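Asker: You'll find start.txt just under this line, and it carries compact mmCIF, N, CA and C atoms.
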```txt
# COMPACT_ATOMS: atom_id res chain seq x y z
N MET A 28 32.73 -61.16 -63.72
CA MET A 28 32.44 -59.92 -64.42
C MET A 28 33.63 -58.97 -64.23
N GLU A 29 34.09 -58.40 -65.32
CA GLU A 29 35.20 -57.45 -65.30
C GLU A 29 34.66 -56.03 -65.39
N LYS A 30 35.20 -55.14 -64.56
CA LYS A 30 34.81 -53.73 -64.65
C LYS A 30 35.96 -52.97 -65.31
N LEU A 31 35.66 -52.33 -66.43
CA LEU A 31 36.66 -51.59 -67.19
C LEU A 31 36.26 -50.13 -67.25
N SER A 32 37.25 -49.24 -67.16
CA SER A 32 36.99 -47.80 -67.25
C SER A 32 37.97 -47.18 -68.24
N PHE A 33 37.43 -46.28 -69.04
CA PHE A 33 38.23 -45.54 -70.03
C PHE A 33 37.80 -44.09 -69.97
N GLU A 34 38.72 -43.18 -70.23
CA GLU A 34 38.31 -41.78 -70.32
C GLU A 34 39.22 -41.01 -71.26
N ILE A 35 38.65 -39.92 -71.79
CA ILE A 35 39.38 -39.08 -72.73
C ILE A 35 38.90 -37.64 -72.56
N GLN A 36 39.83 -36.70 -72.67
CA GLN A 36 39.50 -35.28 -72.64
C GLN A 36 39.18 -34.84 -74.07
N ILE A 37 38.05 -34.17 -74.23
CA ILE A 37 37.63 -33.70 -75.55
C ILE A 37 37.42 -32.19 -75.49
N ASN A 38 38.01 -31.49 -76.43
CA ASN A 38 37.90 -30.03 -76.47
C ASN A 38 36.62 -29.63 -77.21
N ALA A 39 35.50 -29.95 -76.59
CA ALA A 39 34.18 -29.63 -77.13
C ALA A 39 33.19 -29.70 -75.97
N ASP A 40 32.07 -28.98 -76.10
CA ASP A 40 31.11 -28.99 -75.00
C ASP A 40 30.35 -30.32 -74.97
N PRO A 41 29.76 -30.67 -73.81
CA PRO A 41 29.07 -31.96 -73.68
C PRO A 41 27.96 -32.18 -74.71
N GLU A 42 27.26 -31.12 -75.09
CA GLU A 42 26.18 -31.28 -76.06
C GLU A 42 26.73 -31.78 -77.40
N LYS A 43 27.85 -31.24 -77.83
CA LYS A 43 28.45 -31.65 -79.09
C LYS A 43 28.94 -33.10 -79.01
N VAL A 44 29.59 -33.45 -77.90
CA VAL A 44 30.06 -34.83 -77.71
C VAL A 44 28.87 -35.79 -77.71
N TRP A 45 27.82 -35.43 -77.01
CA TRP A 45 26.60 -36.26 -76.95
C TRP A 45 26.03 -36.49 -78.35
N ASN A 46 25.98 -35.42 -79.12
CA ASN A 46 25.43 -35.53 -80.47
C ASN A 46 26.29 -36.43 -81.36
N VAL A 47 27.61 -36.41 -81.15
CA VAL A 47 28.49 -37.31 -81.89
C VAL A 47 28.23 -38.76 -81.45
N LEU A 48 28.10 -38.98 -80.15
CA LEU A 48 27.87 -40.33 -79.66
C LEU A 48 26.60 -40.96 -80.23
N TRP A 49 25.51 -40.21 -80.24
CA TRP A 49 24.21 -40.81 -80.52
C TRP A 49 23.56 -40.37 -81.82
N GLY A 50 24.20 -39.46 -82.57
CA GLY A 50 23.69 -39.10 -83.89
C GLY A 50 23.82 -40.27 -84.85
N GLU A 51 22.85 -40.44 -85.72
CA GLU A 51 22.84 -41.61 -86.60
C GLU A 51 24.11 -41.74 -87.43
N ILE A 52 24.53 -40.66 -88.05
CA ILE A 52 25.71 -40.72 -88.93
C ILE A 52 27.00 -40.85 -88.12
N THR A 53 27.16 -40.03 -87.09
CA THR A 53 28.40 -40.06 -86.32
C THR A 53 28.52 -41.34 -85.49
N TYR A 54 27.39 -41.90 -85.02
CA TYR A 54 27.45 -43.19 -84.32
C TYR A 54 28.08 -44.24 -85.22
N ARG A 55 27.66 -44.27 -86.48
CA ARG A 55 28.21 -45.23 -87.44
C ARG A 55 29.71 -45.01 -87.65
N GLN A 56 30.16 -43.75 -87.51
CA GLN A 56 31.58 -43.45 -87.72
C GLN A 56 32.43 -43.93 -86.55
N TRP A 57 32.06 -43.57 -85.33
CA TRP A 57 32.95 -43.92 -84.21
C TRP A 57 32.88 -45.39 -83.84
N THR A 58 31.77 -46.06 -84.14
CA THR A 58 31.69 -47.48 -83.80
C THR A 58 32.41 -48.38 -84.79
N THR A 59 32.98 -47.79 -85.85
CA THR A 59 33.83 -48.60 -86.73
C THR A 59 35.02 -49.18 -85.95
N ALA A 60 35.37 -48.57 -84.82
CA ALA A 60 36.45 -49.10 -83.99
C ALA A 60 36.10 -50.50 -83.48
N PHE A 61 34.81 -50.77 -83.31
CA PHE A 61 34.37 -52.10 -82.86
C PHE A 61 34.11 -53.01 -84.05
N THR A 62 33.24 -52.55 -84.96
CA THR A 62 32.88 -53.32 -86.14
C THR A 62 32.49 -52.35 -87.24
N GLU A 63 33.13 -52.47 -88.37
CA GLU A 63 32.79 -51.63 -89.53
C GLU A 63 31.32 -51.82 -89.88
N GLY A 64 30.61 -50.72 -90.09
CA GLY A 64 29.20 -50.81 -90.49
C GLY A 64 28.22 -50.95 -89.35
N SER A 65 28.64 -50.70 -88.11
CA SER A 65 27.74 -50.80 -86.96
C SER A 65 26.66 -49.73 -87.01
N PHE A 66 25.48 -50.10 -86.52
CA PHE A 66 24.39 -49.14 -86.38
C PHE A 66 23.44 -49.64 -85.30
N TYR A 67 22.52 -48.79 -84.88
CA TYR A 67 21.53 -49.24 -83.90
C TYR A 67 20.13 -48.92 -84.38
N GLU A 68 19.17 -49.68 -83.86
CA GLU A 68 17.76 -49.47 -84.13
C GLU A 68 17.03 -49.34 -82.81
N GLY A 69 16.05 -48.46 -82.79
CA GLY A 69 15.25 -48.25 -81.58
C GLY A 69 15.48 -46.85 -81.06
N THR A 70 14.76 -46.54 -80.00
CA THR A 70 14.92 -45.23 -79.38
C THR A 70 15.84 -45.36 -78.18
N LEU A 71 16.36 -44.24 -77.73
CA LEU A 71 17.27 -44.24 -76.59
C LEU A 71 16.58 -43.73 -75.32
N GLU A 72 15.26 -43.89 -75.27
CA GLU A 72 14.51 -43.49 -74.08
C GLU A 72 14.74 -44.52 -72.97
N GLU A 73 14.78 -44.03 -71.72
CA GLU A 73 14.96 -44.94 -70.58
C GLU A 73 13.89 -46.01 -70.61
N GLY A 74 14.31 -47.26 -70.39
CA GLY A 74 13.40 -48.39 -70.36
C GLY A 74 13.17 -49.04 -71.71
N SER A 75 13.58 -48.39 -72.79
CA SER A 75 13.35 -48.96 -74.12
C SER A 75 14.45 -49.95 -74.47
N ILE A 76 14.14 -50.81 -75.45
CA ILE A 76 15.10 -51.78 -75.96
C ILE A 76 15.73 -51.21 -77.23
N VAL A 77 17.03 -51.28 -77.29
CA VAL A 77 17.76 -50.84 -78.47
C VAL A 77 18.58 -52.02 -78.99
N LYS A 78 18.63 -52.13 -80.31
CA LYS A 78 19.36 -53.23 -80.94
C LYS A 78 20.57 -52.67 -81.67
N PHE A 79 21.72 -53.27 -81.39
CA PHE A 79 22.98 -52.87 -81.99
C PHE A 79 23.37 -53.94 -83.02
N PHE A 80 23.56 -53.52 -84.27
CA PHE A 80 23.82 -54.46 -85.36
C PHE A 80 25.14 -54.19 -86.06
N ASP A 81 25.68 -55.28 -86.65
CA ASP A 81 26.74 -55.14 -87.64
C ASP A 81 26.06 -55.24 -89.01
N PRO A 82 26.79 -55.10 -90.11
CA PRO A 82 26.15 -55.13 -91.43
C PRO A 82 25.51 -56.47 -91.80
N HIS A 83 25.81 -57.52 -91.02
CA HIS A 83 25.29 -58.86 -91.32
C HIS A 83 24.07 -59.20 -90.48
N ASN A 84 23.47 -58.19 -89.83
CA ASN A 84 22.27 -58.38 -89.02
C ASN A 84 22.55 -59.17 -87.75
N ASN A 85 23.80 -59.13 -87.29
CA ASN A 85 24.19 -59.75 -86.03
C ASN A 85 24.55 -58.64 -85.04
N GLY A 86 24.45 -58.93 -83.76
CA GLY A 86 24.81 -57.93 -82.76
C GLY A 86 24.28 -58.29 -81.39
N MET A 87 23.74 -57.29 -80.71
CA MET A 87 23.16 -57.54 -79.40
C MET A 87 22.03 -56.56 -79.14
N TYR A 88 21.23 -56.90 -78.14
CA TYR A 88 20.16 -55.99 -77.75
C TYR A 88 20.30 -55.67 -76.27
N SER A 89 19.85 -54.47 -75.93
CA SER A 89 20.08 -53.93 -74.59
C SER A 89 18.90 -53.07 -74.17
N ARG A 90 18.77 -52.90 -72.87
CA ARG A 90 17.77 -51.97 -72.34
C ARG A 90 18.48 -50.68 -71.93
N VAL A 91 17.87 -49.54 -72.26
CA VAL A 91 18.41 -48.25 -71.83
C VAL A 91 18.07 -48.09 -70.35
N GLU A 92 19.08 -48.14 -69.51
CA GLU A 92 18.89 -48.02 -68.07
C GLU A 92 18.84 -46.56 -67.63
N LYS A 93 19.61 -45.72 -68.33
CA LYS A 93 19.69 -44.31 -67.93
C LYS A 93 19.97 -43.48 -69.17
N ASN A 94 19.24 -42.37 -69.29
CA ASN A 94 19.50 -41.42 -70.37
C ASN A 94 19.26 -40.02 -69.81
N VAL A 95 20.33 -39.36 -69.45
CA VAL A 95 20.28 -37.98 -69.00
C VAL A 95 21.03 -37.18 -70.05
N ALA A 96 20.29 -36.47 -70.88
CA ALA A 96 20.85 -35.79 -72.05
C ALA A 96 22.10 -34.99 -71.70
N HIS A 97 23.13 -35.18 -72.49
CA HIS A 97 24.42 -34.48 -72.41
C HIS A 97 25.21 -34.85 -71.15
N LYS A 98 24.74 -35.87 -70.39
CA LYS A 98 25.43 -36.26 -69.16
C LYS A 98 25.73 -37.75 -69.06
N GLU A 99 24.73 -38.60 -69.27
CA GLU A 99 24.97 -40.04 -69.08
C GLU A 99 23.98 -40.89 -69.88
N MET A 100 24.54 -41.95 -70.49
CA MET A 100 23.77 -42.98 -71.16
C MET A 100 24.28 -44.32 -70.63
N LYS A 101 23.34 -45.18 -70.21
CA LYS A 101 23.75 -46.49 -69.68
C LYS A 101 22.85 -47.57 -70.26
N PHE A 102 23.48 -48.65 -70.72
CA PHE A 102 22.78 -49.79 -71.29
C PHE A 102 23.02 -51.03 -70.43
N LEU A 103 21.99 -51.86 -70.31
CA LEU A 103 22.12 -53.20 -69.73
C LEU A 103 21.99 -54.18 -70.89
N HIS A 104 23.04 -54.93 -71.14
CA HIS A 104 23.05 -55.85 -72.28
C HIS A 104 22.29 -57.13 -71.92
N LEU A 105 21.32 -57.47 -72.75
CA LEU A 105 20.41 -58.58 -72.45
C LEU A 105 20.68 -59.83 -73.26
N GLY A 106 21.17 -59.66 -74.49
CA GLY A 106 21.38 -60.85 -75.31
C GLY A 106 22.00 -60.54 -76.64
N GLU A 107 22.23 -61.58 -77.40
CA GLU A 107 22.85 -61.47 -78.71
C GLU A 107 21.79 -61.60 -79.80
N ILE A 108 22.15 -61.15 -80.98
CA ILE A 108 21.29 -61.27 -82.16
C ILE A 108 22.11 -61.95 -83.26
N TYR A 109 21.57 -63.05 -83.78
CA TYR A 109 22.20 -63.77 -84.90
C TYR A 109 21.19 -63.85 -86.04
N ASP A 110 21.58 -63.37 -87.19
CA ASP A 110 20.67 -63.35 -88.35
C ASP A 110 19.33 -62.72 -87.99
N GLY A 111 19.36 -61.69 -87.17
CA GLY A 111 18.15 -60.97 -86.81
C GLY A 111 17.34 -61.61 -85.70
N VAL A 112 17.77 -62.76 -85.17
CA VAL A 112 17.01 -63.47 -84.13
C VAL A 112 17.67 -63.21 -82.77
N GLU A 113 16.85 -62.77 -81.80
CA GLU A 113 17.35 -62.48 -80.45
C GLU A 113 17.60 -63.77 -79.68
N SER A 114 18.72 -63.81 -78.97
CA SER A 114 19.09 -64.95 -78.14
C SER A 114 19.47 -64.42 -76.75
N PRO A 115 18.56 -64.54 -75.76
CA PRO A 115 18.86 -64.02 -74.42
C PRO A 115 20.12 -64.67 -73.85
N GLN A 116 20.90 -63.89 -73.10
CA GLN A 116 22.12 -64.38 -72.47
C GLN A 116 22.07 -64.10 -70.98
N ASP A 117 22.69 -64.96 -70.21
CA ASP A 117 22.74 -64.77 -68.76
C ASP A 117 24.05 -64.05 -68.41
N TRP A 118 24.10 -62.76 -68.75
CA TRP A 118 25.30 -61.98 -68.51
C TRP A 118 25.25 -61.23 -67.18
N GLY A 119 24.17 -61.35 -66.43
CA GLY A 119 24.05 -60.63 -65.17
C GLY A 119 24.03 -59.13 -65.42
N GLU A 120 24.88 -58.42 -64.71
CA GLU A 120 24.91 -56.95 -64.81
C GLU A 120 25.93 -56.49 -65.86
N ALA A 121 25.81 -56.99 -67.07
CA ALA A 121 26.69 -56.56 -68.16
C ALA A 121 26.19 -55.19 -68.64
N THR A 122 26.90 -54.15 -68.26
CA THR A 122 26.46 -52.79 -68.58
C THR A 122 27.54 -52.04 -69.35
N GLU A 123 27.09 -50.98 -70.00
CA GLU A 123 27.97 -50.08 -70.74
C GLU A 123 27.44 -48.67 -70.50
N ALA A 124 28.27 -47.81 -69.94
CA ALA A 124 27.84 -46.45 -69.63
C ALA A 124 28.79 -45.42 -70.24
N TYR A 125 28.21 -44.32 -70.68
CA TYR A 125 28.95 -43.19 -71.22
C TYR A 125 28.61 -42.00 -70.34
N ILE A 126 29.62 -41.43 -69.70
CA ILE A 126 29.43 -40.34 -68.75
C ILE A 126 30.21 -39.13 -69.26
N LEU A 127 29.52 -38.00 -69.37
CA LEU A 127 30.13 -36.76 -69.86
C LEU A 127 30.21 -35.78 -68.71
N GLU A 128 31.39 -35.27 -68.44
CA GLU A 128 31.60 -34.29 -67.37
C GLU A 128 32.25 -33.05 -67.97
N GLU A 129 31.55 -31.93 -67.85
CA GLU A 129 32.07 -30.68 -68.39
C GLU A 129 33.18 -30.16 -67.49
N ASN A 130 34.25 -29.63 -68.10
CA ASN A 130 35.31 -28.97 -67.36
C ASN A 130 35.80 -27.76 -68.16
N GLU A 131 36.83 -27.10 -67.66
CA GLU A 131 37.30 -25.86 -68.30
C GLU A 131 37.85 -26.09 -69.71
N ASP A 132 38.24 -27.32 -70.02
CA ASP A 132 38.80 -27.63 -71.33
C ASP A 132 37.79 -28.27 -72.28
N GLY A 133 36.57 -28.41 -71.84
CA GLY A 133 35.53 -29.04 -72.67
C GLY A 133 34.80 -30.12 -71.91
N THR A 134 35.06 -31.37 -72.30
CA THR A 134 34.32 -32.51 -71.74
C THR A 134 35.26 -33.68 -71.49
N VAL A 135 35.13 -34.29 -70.32
CA VAL A 135 35.76 -35.58 -70.08
C VAL A 135 34.69 -36.63 -70.40
N LEU A 136 34.99 -37.51 -71.34
CA LEU A 136 34.09 -38.60 -71.69
C LEU A 136 34.63 -39.87 -71.04
N LYS A 137 33.80 -40.48 -70.21
CA LYS A 137 34.18 -41.72 -69.53
C LYS A 137 33.32 -42.86 -70.06
N GLY A 138 33.97 -43.97 -70.31
CA GLY A 138 33.27 -45.20 -70.65
C GLY A 138 33.48 -46.19 -69.52
N GLU A 139 32.39 -46.71 -68.97
CA GLU A 139 32.47 -47.69 -67.90
C GLU A 139 31.72 -48.93 -68.34
N ILE A 140 32.42 -50.06 -68.32
CA ILE A 140 31.87 -51.31 -68.83
C ILE A 140 31.99 -52.39 -67.76
N GLN A 141 30.91 -53.13 -67.58
CA GLN A 141 30.96 -54.38 -66.82
C GLN A 141 30.71 -55.48 -67.84
N THR A 142 31.68 -56.36 -67.98
CA THR A 142 31.61 -57.34 -69.05
C THR A 142 32.08 -58.71 -68.57
N PRO A 143 31.52 -59.77 -69.15
CA PRO A 143 32.09 -61.09 -68.87
C PRO A 143 33.56 -61.11 -69.27
N ALA A 144 34.35 -61.89 -68.56
CA ALA A 144 35.81 -61.92 -68.75
C ALA A 144 36.21 -62.19 -70.19
N GLU A 145 35.41 -62.98 -70.92
CA GLU A 145 35.83 -63.33 -72.29
C GLU A 145 35.83 -62.14 -73.24
N PHE A 146 35.18 -61.02 -72.86
CA PHE A 146 35.15 -59.84 -73.72
C PHE A 146 36.14 -58.76 -73.28
N LYS A 147 36.86 -59.00 -72.19
CA LYS A 147 37.75 -57.98 -71.63
C LYS A 147 38.81 -57.52 -72.63
N ASP A 148 39.52 -58.44 -73.25
CA ASP A 148 40.59 -58.07 -74.18
C ASP A 148 40.06 -57.28 -75.37
N PHE A 149 38.89 -57.68 -75.87
CA PHE A 149 38.26 -56.97 -76.98
C PHE A 149 38.03 -55.51 -76.61
N PHE A 150 37.40 -55.27 -75.44
CA PHE A 150 37.10 -53.90 -75.04
C PHE A 150 38.36 -53.10 -74.73
N GLU A 151 39.35 -53.73 -74.12
CA GLU A 151 40.59 -53.01 -73.82
C GLU A 151 41.31 -52.58 -75.09
N ASP A 152 41.15 -53.33 -76.15
CA ASP A 152 41.75 -52.98 -77.43
C ASP A 152 40.92 -51.93 -78.17
N LYS A 153 39.63 -52.15 -78.24
CA LYS A 153 38.77 -51.35 -79.12
C LYS A 153 38.23 -50.07 -78.50
N PHE A 154 37.95 -50.07 -77.20
CA PHE A 154 37.28 -48.91 -76.61
C PHE A 154 38.12 -47.64 -76.68
N PRO A 155 39.42 -47.68 -76.37
CA PRO A 155 40.22 -46.45 -76.51
C PRO A 155 40.22 -45.92 -77.95
N LYS A 156 40.23 -46.81 -78.94
CA LYS A 156 40.17 -46.38 -80.33
C LYS A 156 38.84 -45.69 -80.63
N ALA A 157 37.75 -46.24 -80.11
CA ALA A 157 36.43 -45.64 -80.31
C ALA A 157 36.36 -44.25 -79.68
N LEU A 158 36.89 -44.10 -78.47
CA LEU A 158 36.88 -42.79 -77.80
C LEU A 158 37.73 -41.79 -78.58
N GLY A 159 38.82 -42.25 -79.16
CA GLY A 159 39.66 -41.36 -79.98
C GLY A 159 38.91 -40.84 -81.19
N ILE A 160 38.08 -41.69 -81.79
CA ILE A 160 37.28 -41.25 -82.94
C ILE A 160 36.22 -40.25 -82.49
N VAL A 161 35.58 -40.51 -81.34
CA VAL A 161 34.60 -39.55 -80.79
C VAL A 161 35.27 -38.20 -80.57
N LYS A 162 36.49 -38.22 -80.01
CA LYS A 162 37.23 -36.98 -79.78
C LYS A 162 37.47 -36.24 -81.09
N ASN A 163 37.96 -36.95 -82.08
CA ASN A 163 38.24 -36.34 -83.38
C ASN A 163 36.98 -35.75 -84.01
N LEU A 164 35.91 -36.51 -84.01
CA LEU A 164 34.65 -36.03 -84.59
C LEU A 164 34.12 -34.81 -83.83
N SER A 165 34.19 -34.85 -82.50
CA SER A 165 33.66 -33.76 -81.68
C SER A 165 34.47 -32.47 -81.85
N GLU A 166 35.78 -32.61 -81.94
CA GLU A 166 36.63 -31.43 -82.03
C GLU A 166 36.70 -30.84 -83.43
N ASN A 167 36.38 -31.64 -84.44
CA ASN A 167 36.56 -31.19 -85.81
C ASN A 167 35.27 -30.94 -86.58
N GLN A 168 34.13 -31.12 -85.92
CA GLN A 168 32.87 -30.81 -86.58
C GLN A 168 32.58 -29.33 -86.43
N LEU A 169 31.94 -28.77 -87.44
CA LEU A 169 31.56 -27.35 -87.39
C LEU A 169 30.40 -27.15 -86.47
```
Let me see the file written as structure tokens.

Answerer:
Amino acid sequence: MEKLSFEIQINADPEKVWNVLWGEITYRQWTTAFTEGSFYEGTLEEGSIVKFFDPHNNGMYSRVEKNVAHKEMKFLHLGEIYDGVESPQDWGEATEAYILEENEDGTVLKGEIQTPAEFKDFFEDKFPKALGIVKNLSENQL
């Protein structure tokens, strides 16, 4: 398992950054860095299952491990979805967390990922791009 960390300074308050991360429209915008047309289904309440899809009904499903509004969201990835069918995976502690820390310049957004080694290069390439889009959306929304 690889542990990856990314962070970016955003000139916006944590509430605005949070709303960009998890708002239906803005989520679809910033996740284009991973896959064009990404979206999620389900609620983001702790303990609930959320499904992350691409436009072809493929993706993965995860359990919301932590949801502290405007501060932290953490997912435990449980399996993949192919053609809408869930396929459990033995990924162990494959997690993805978004941590927002307020400072004098706005918000530091941190992404912390524990991932199987085969996904390391993908995340190292795509995650900084995704955070850059979150920054742009957060700083430029009215």

Asker: Out of A:Tyr67, A:Lys162, A:Thr134, A:Tyr88, which residue has the shortest atom-to-atom distance to Tyr54 (chain A) when counting all atoms listed in the file?

Answerer: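 Among the listed residues, the smallest separation from Tyr54 (chain A) belongs to A:Tyr67.
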
Asker: Near region 142-147 of chain A, counting only N, CA and C atoms, which residues have an atom at most 6.5 Å away, once you skip same-chain residues fewer than 4 positions from it, shown as an MDAnalysis selection string?

Answerer: chainID A and resid 28:31 120:122 151:152

Asker: From region 34-166 of chain A, collect each residue whose DSSP state is helix (DSSP H, G or I) and return the set as a tab-separated table (two decimals) with N, CA and C atoms, in the coordinates of the input.

Answerer:
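As written to disk, out18.tsv reads:
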```tsv
chain	number	residue	atom	x	y	z
A	41	PRO	N	29.76	-30.67	-73.81
A	41	PRO	CA	29.07	-31.96	-73.68
A	41	PRO	C	27.96	-32.18	-74.71
A	42	GLU	N	27.26	-31.12	-75.09
A	42	GLU	CA	26.18	-31.28	-76.06
A	42	GLU	C	26.73	-31.78	-77.40
A	43	LYS	N	27.85	-31.24	-77.83
A	43	LYS	CA	28.45	-31.65	-79.09
A	43	LYS	C	28.94	-33.10	-79.01
A	44	VAL	N	29.59	-33.45	-77.90
A	44	VAL	CA	30.06	-34.83	-77.71
A	44	VAL	C	28.87	-35.79	-77.71
A	45	TRP	N	27.82	-35.43	-77.01
A	45	TRP	CA	26.60	-36.26	-76.95
A	45	TRP	C	26.03	-36.49	-78.35
A	46	ASN	N	25.98	-35.42	-79.12
A	46	ASN	CA	25.43	-35.53	-80.47
A	46	ASN	C	26.29	-36.43	-81.36
A	47	VAL	N	27.61	-36.41	-81.15
A	47	VAL	CA	28.49	-37.31	-81.89
A	47	VAL	C	28.23	-38.76	-81.45
A	48	LEU	N	28.10	-38.98	-80.15
A	48	LEU	CA	27.87	-40.33	-79.66
A	48	LEU	C	26.60	-40.96	-80.23
A	49	TRP	N	25.51	-40.21	-80.24
A	49	TRP	CA	24.21	-40.81	-80.52
A	49	TRP	C	23.56	-40.37	-81.82
A	51	GLU	N	22.85	-40.44	-85.72
A	51	GLU	CA	22.84	-41.61	-86.60
A	51	GLU	C	24.11	-41.74	-87.43
A	52	ILE	N	24.53	-40.66	-88.05
A	52	ILE	CA	25.71	-40.72	-88.93
A	52	ILE	C	27.00	-40.85	-88.12
A	53	THR	N	27.16	-40.03	-87.09
A	53	THR	CA	28.40	-40.06	-86.32
A	53	THR	C	28.52	-41.34	-85.49
A	54	TYR	N	27.39	-41.90	-85.02
A	54	TYR	CA	27.45	-43.19	-84.32
A	54	TYR	C	28.08	-44.24	-85.22
A	55	ARG	N	27.66	-44.27	-86.48
A	55	ARG	CA	28.21	-45.23	-87.44
A	55	ARG	C	29.71	-45.01	-87.65
A	56	GLN	N	30.16	-43.75	-87.51
A	56	GLN	CA	31.58	-43.45	-87.72
A	56	GLN	C	32.43	-43.93	-86.55
A	57	TRP	N	32.06	-43.57	-85.33
A	57	TRP	CA	32.95	-43.92	-84.21
A	57	TRP	C	32.88	-45.39	-83.84
A	58	THR	N	31.77	-46.06	-84.14
A	58	THR	CA	31.69	-47.48	-83.80
A	58	THR	C	32.41	-48.38	-84.79
A	59	THR	N	32.98	-47.79	-85.85
A	59	THR	CA	33.83	-48.60	-86.73
A	59	THR	C	35.02	-49.18	-85.95
A	60	ALA	N	35.37	-48.57	-84.82
A	60	ALA	CA	36.45	-49.10	-83.99
A	60	ALA	C	36.10	-50.50	-83.48
A	144	ALA	N	34.35	-61.89	-68.56
A	144	ALA	CA	35.81	-61.92	-68.75
A	144	ALA	C	36.21	-62.19	-70.19
A	145	GLU	N	35.41	-62.98	-70.92
A	145	GLU	CA	35.83	-63.33	-72.29
A	145	GLU	C	35.83	-62.14	-73.24
A	146	PHE	N	35.18	-61.02	-72.86
A	146	PHE	CA	35.15	-59.84	-73.72
A	146	PHE	C	36.14	-58.76	-73.28
A	147	LYS	N	36.86	-59.00	-72.19
A	147	LYS	CA	37.75	-57.98	-71.63
A	147	LYS	C	38.81	-57.52	-72.63
A	148	ASP	N	39.52	-58.44	-73.25
A	148	ASP	CA	40.59	-58.07	-74.18
A	148	ASP	C	40.06	-57.28	-75.37
A	149	PHE	N	38.89	-57.68	-75.87
A	149	PHE	CA	38.26	-56.97	-76.98
A	149	PHE	C	38.03	-55.51	-76.61
A	150	PHE	N	37.40	-55.27	-75.44
A	150	PHE	CA	37.10	-53.90	-75.04
A	150	PHE	C	38.36	-53.10	-74.73
A	151	GLU	N	39.35	-53.73	-74.12
A	151	GLU	CA	40.59	-53.01	-73.82
A	151	GLU	C	41.31	-52.58	-75.09
A	152	ASP	N	41.15	-53.33	-76.15
A	152	ASP	CA	41.75	-52.98	-77.43
A	152	ASP	C	40.92	-51.93	-78.17
A	153	LYS	N	39.63	-52.15	-78.24
A	153	LYS	CA	38.77	-51.35	-79.12
A	153	LYS	C	38.23	-50.07	-78.50
A	154	PHE	N	37.95	-50.07	-77.20
A	154	PHE	CA	37.28	-48.91	-76.61
A	154	PHE	C	38.12	-47.64	-76.68
A	155	PRO	N	39.42	-47.68	-76.37
A	155	PRO	CA	40.22	-46.45	-76.51
A	155	PRO	C	40.22	-45.92	-77.95
A	156	LYS	N	40.23	-46.81	-78.94
A	156	LYS	CA	40.17	-46.38	-80.33
A	156	LYS	C	38.84	-45.69	-80.63
A	157	ALA	N	37.75	-46.24	-80.11
A	157	ALA	CA	36.43	-45.64	-80.31
A	157	ALA	C	36.36	-44.25	-79.68
A	158	LEU	N	36.89	-44.10	-78.47
A	158	LEU	CA	36.88	-42.79	-77.80
A	158	LEU	C	37.73	-41.79	-78.58
A	159	GLY	N	38.82	-42.25	-79.16
A	159	GLY	CA	39.66	-41.36	-79.98
A	159	GLY	C	38.91	-40.84	-81.19
A	160	ILE	N	38.08	-41.69	-81.79
A	160	ILE	CA	37.28	-41.25	-82.94
A	160	ILE	C	36.22	-40.25	-82.49
A	161	VAL	N	35.58	-40.51	-81.34
A	161	VAL	CA	34.60	-39.55	-80.79
A	161	VAL	C	35.27	-38.20	-80.57
A	162	LYS	N	36.49	-38.22	-80.01
A	162	LYS	CA	37.23	-36.98	-79.78
A	162	LYS	C	37.47	-36.24	-81.09
A	163	ASN	N	37.96	-36.95	-82.08
A	163	ASN	CA	38.24	-36.34	-83.38
A	163	ASN	C	36.98	-35.75	-84.01
A	164	LEU	N	35.91	-36.51	-84.01
A	164	LEU	CA	34.65	-36.03	-84.59
A	164	LEU	C	34.12	-34.81	-83.83
A	165	SER	N	34.19	-34.85	-82.50
A	165	SER	CA	33.66	-33.76	-81.68
A	165	SER	C	34.47	-32.47	-81.85
A	166	GLU	N	35.78	-32.61	-81.94
A	166	GLU	CA	36.63	-31.43	-82.03
A	166	GLU	C	36.70	-30.84	-83.43
```

Asker: Restricting the calculation to only C-alpha atoms, which member of A:Gly74, A:Val95, A:Gly69, A:Phe154 is positioned closest to Glu42 (chain A)?

Answerer: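 Comparing A:Gly74, A:Val95, A:Gly69, A:Phe154 against Glu42 (chain A), the winner is A:Val95.
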
Asker: Find the residues with any atom within 8 Å of (19.2, -53.2, -66.1); use all atoms listed in the file and the coordinates as given in the file, and write the answer as a CSV table (one decimal) with N, CA and C atoms, keeping the file's coordinate frame.

Answerer:
```
chain,number,residue,atom,x,y,z
A,90,ARG,N,18.8,-52.9,-72.9
A,90,ARG,CA,17.8,-52.0,-72.3
A,90,ARG,C,18.5,-50.7,-71.9
A,91,VAL,N,17.9,-49.5,-72.3
A,91,VAL,CA,18.4,-48.2,-71.8
A,91,VAL,C,18.1,-48.1,-70.4
A,92,GLU,N,19.1,-48.1,-69.5
A,92,GLU,CA,18.9,-48.0,-68.1
A,92,GLU,C,18.8,-46.6,-67.6
A,93,LYS,N,19.6,-45.7,-68.3
A,93,LYS,CA,19.7,-44.3,-67.9
A,93,LYS,C,20.0,-43.5,-69.2
A,101,LYS,N,23.3,-45.2,-70.2
A,101,LYS,CA,23.8,-46.5,-69.7
A,101,LYS,C,22.8,-47.6,-70.3
A,102,PHE,N,23.5,-48.6,-70.7
A,102,PHE,CA,22.8,-49.8,-71.3
A,102,PHE,C,23.0,-51.0,-70.4
A,103,LEU,N,22.0,-51.9,-70.3
A,103,LEU,CA,22.1,-53.2,-69.7
A,103,LEU,C,22.0,-54.2,-70.9
A,104,HIS,N,23.0,-54.9,-71.1
A,104,HIS,CA,23.0,-55.8,-72.3
A,104,HIS,C,22.3,-57.1,-71.9
A,119,GLY,N,24.2,-61.4,-66.4
A,119,GLY,CA,24.0,-60.6,-65.2
A,119,GLY,C,24.0,-59.1,-65.4
A,120,GLU,N,24.9,-58.4,-64.7
A,120,GLU,CA,24.9,-57.0,-64.8
A,120,GLU,C,25.9,-56.5,-65.9
A,121,ALA,N,25.8,-57.0,-67.1
A,121,ALA,CA,26.7,-56.6,-68.2
A,121,ALA,C,26.2,-55.2,-68.6
A,122,THR,N,26.9,-54.2,-68.3
A,122,THR,CA,26.5,-52.8,-68.6
A,122,THR,C,27.5,-52.0,-69.4
```
